[in-house]
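The structure appears below as structure tokens.
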Amino acid sequence: AVEITRKDLTPAQVRQSAGKTRDARAARRMLAIALVLEGVGRKTAAETCGMAGNGSRDWAHRYNAEGLAGLTNRRSPGRRPRLSAEQKAELAAWVE
């Protein structure tokens, strides 16, 4: 089991940050972290905050590594472009 090793914020400070964020998913993760810091198990904390318990390992790692910033949603980089930069330039020349 992954433990929360980052102890620079108190549960109250984490809850306060959750109240200020506009990202609902990050707020849920922050509230779950606050519960874990108070001694509640990760799975129980996740379920209490309306999340699936199986993702708690990922956000625990991210919180330990990055703090509250690690709990925000991240954009997927998407798939690689099918055309190379050279091919895109050639296509743009054709279009013009």
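In the structure tokens, chains take letters A, B, ... by order of appearance, with residues numbered from 1 within each chain and ligands from 1 in the order shown.
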Discussion item. Please list as a list in words every residue within 9 Å of region 18-29 of chain A, counting only C-alpha atoms and excluding residues in the same chain fewer than 3 positions away.
Written reply: Gln13, Val14, Arg15, Ala32, Ile33, Ala34, Ala46, Cys49, Gly50, Met51, Ser56, Trp59, Leu68, Ala69, Gly70, Leu71, Thr72 and Asn73 of chain A
Practice prompt. Using CA of Asp8 (chain A) and CA of Ala52 (chain A) as the two end points, give the distance in Å to one decimal.
Written response: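 So the answer is 25.9 Å.
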Worksheet item: Which residues in chain A does DSSP call alpha helix (DSSP H)? List them as JSON, numbers by chain.
Response: {"A": [11, 12, 13, 14, 15, 16, 17, 18, 19, 20, 24, 25, 26, 27, 28, 29, 30, 31, 32, 33, 34, 35, 36, 37, 42, 43, 44, 45, 46, 47, 48, 56, 57, 58, 59, 60, 61, 62, 63, 64, 65, 66, 85, 86, 87, 88, 89, 90, 91, 92, 93, 94, 95]}
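Each of A:Thr48, A:Leu35, A:Val40, A:Ala65 was checked against Thr5 (chain A) using only C-alpha atoms; the smallest atom-to-atom distance is that of A:Ala65.
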Discussion item. Under the rule that only C-alpha atoms are counted, which of A:Ile4, A:Thr44, A:His61, A:Gly67 is the nearest residue to Ser17 (chain A)?
Written reply: A:Gly67
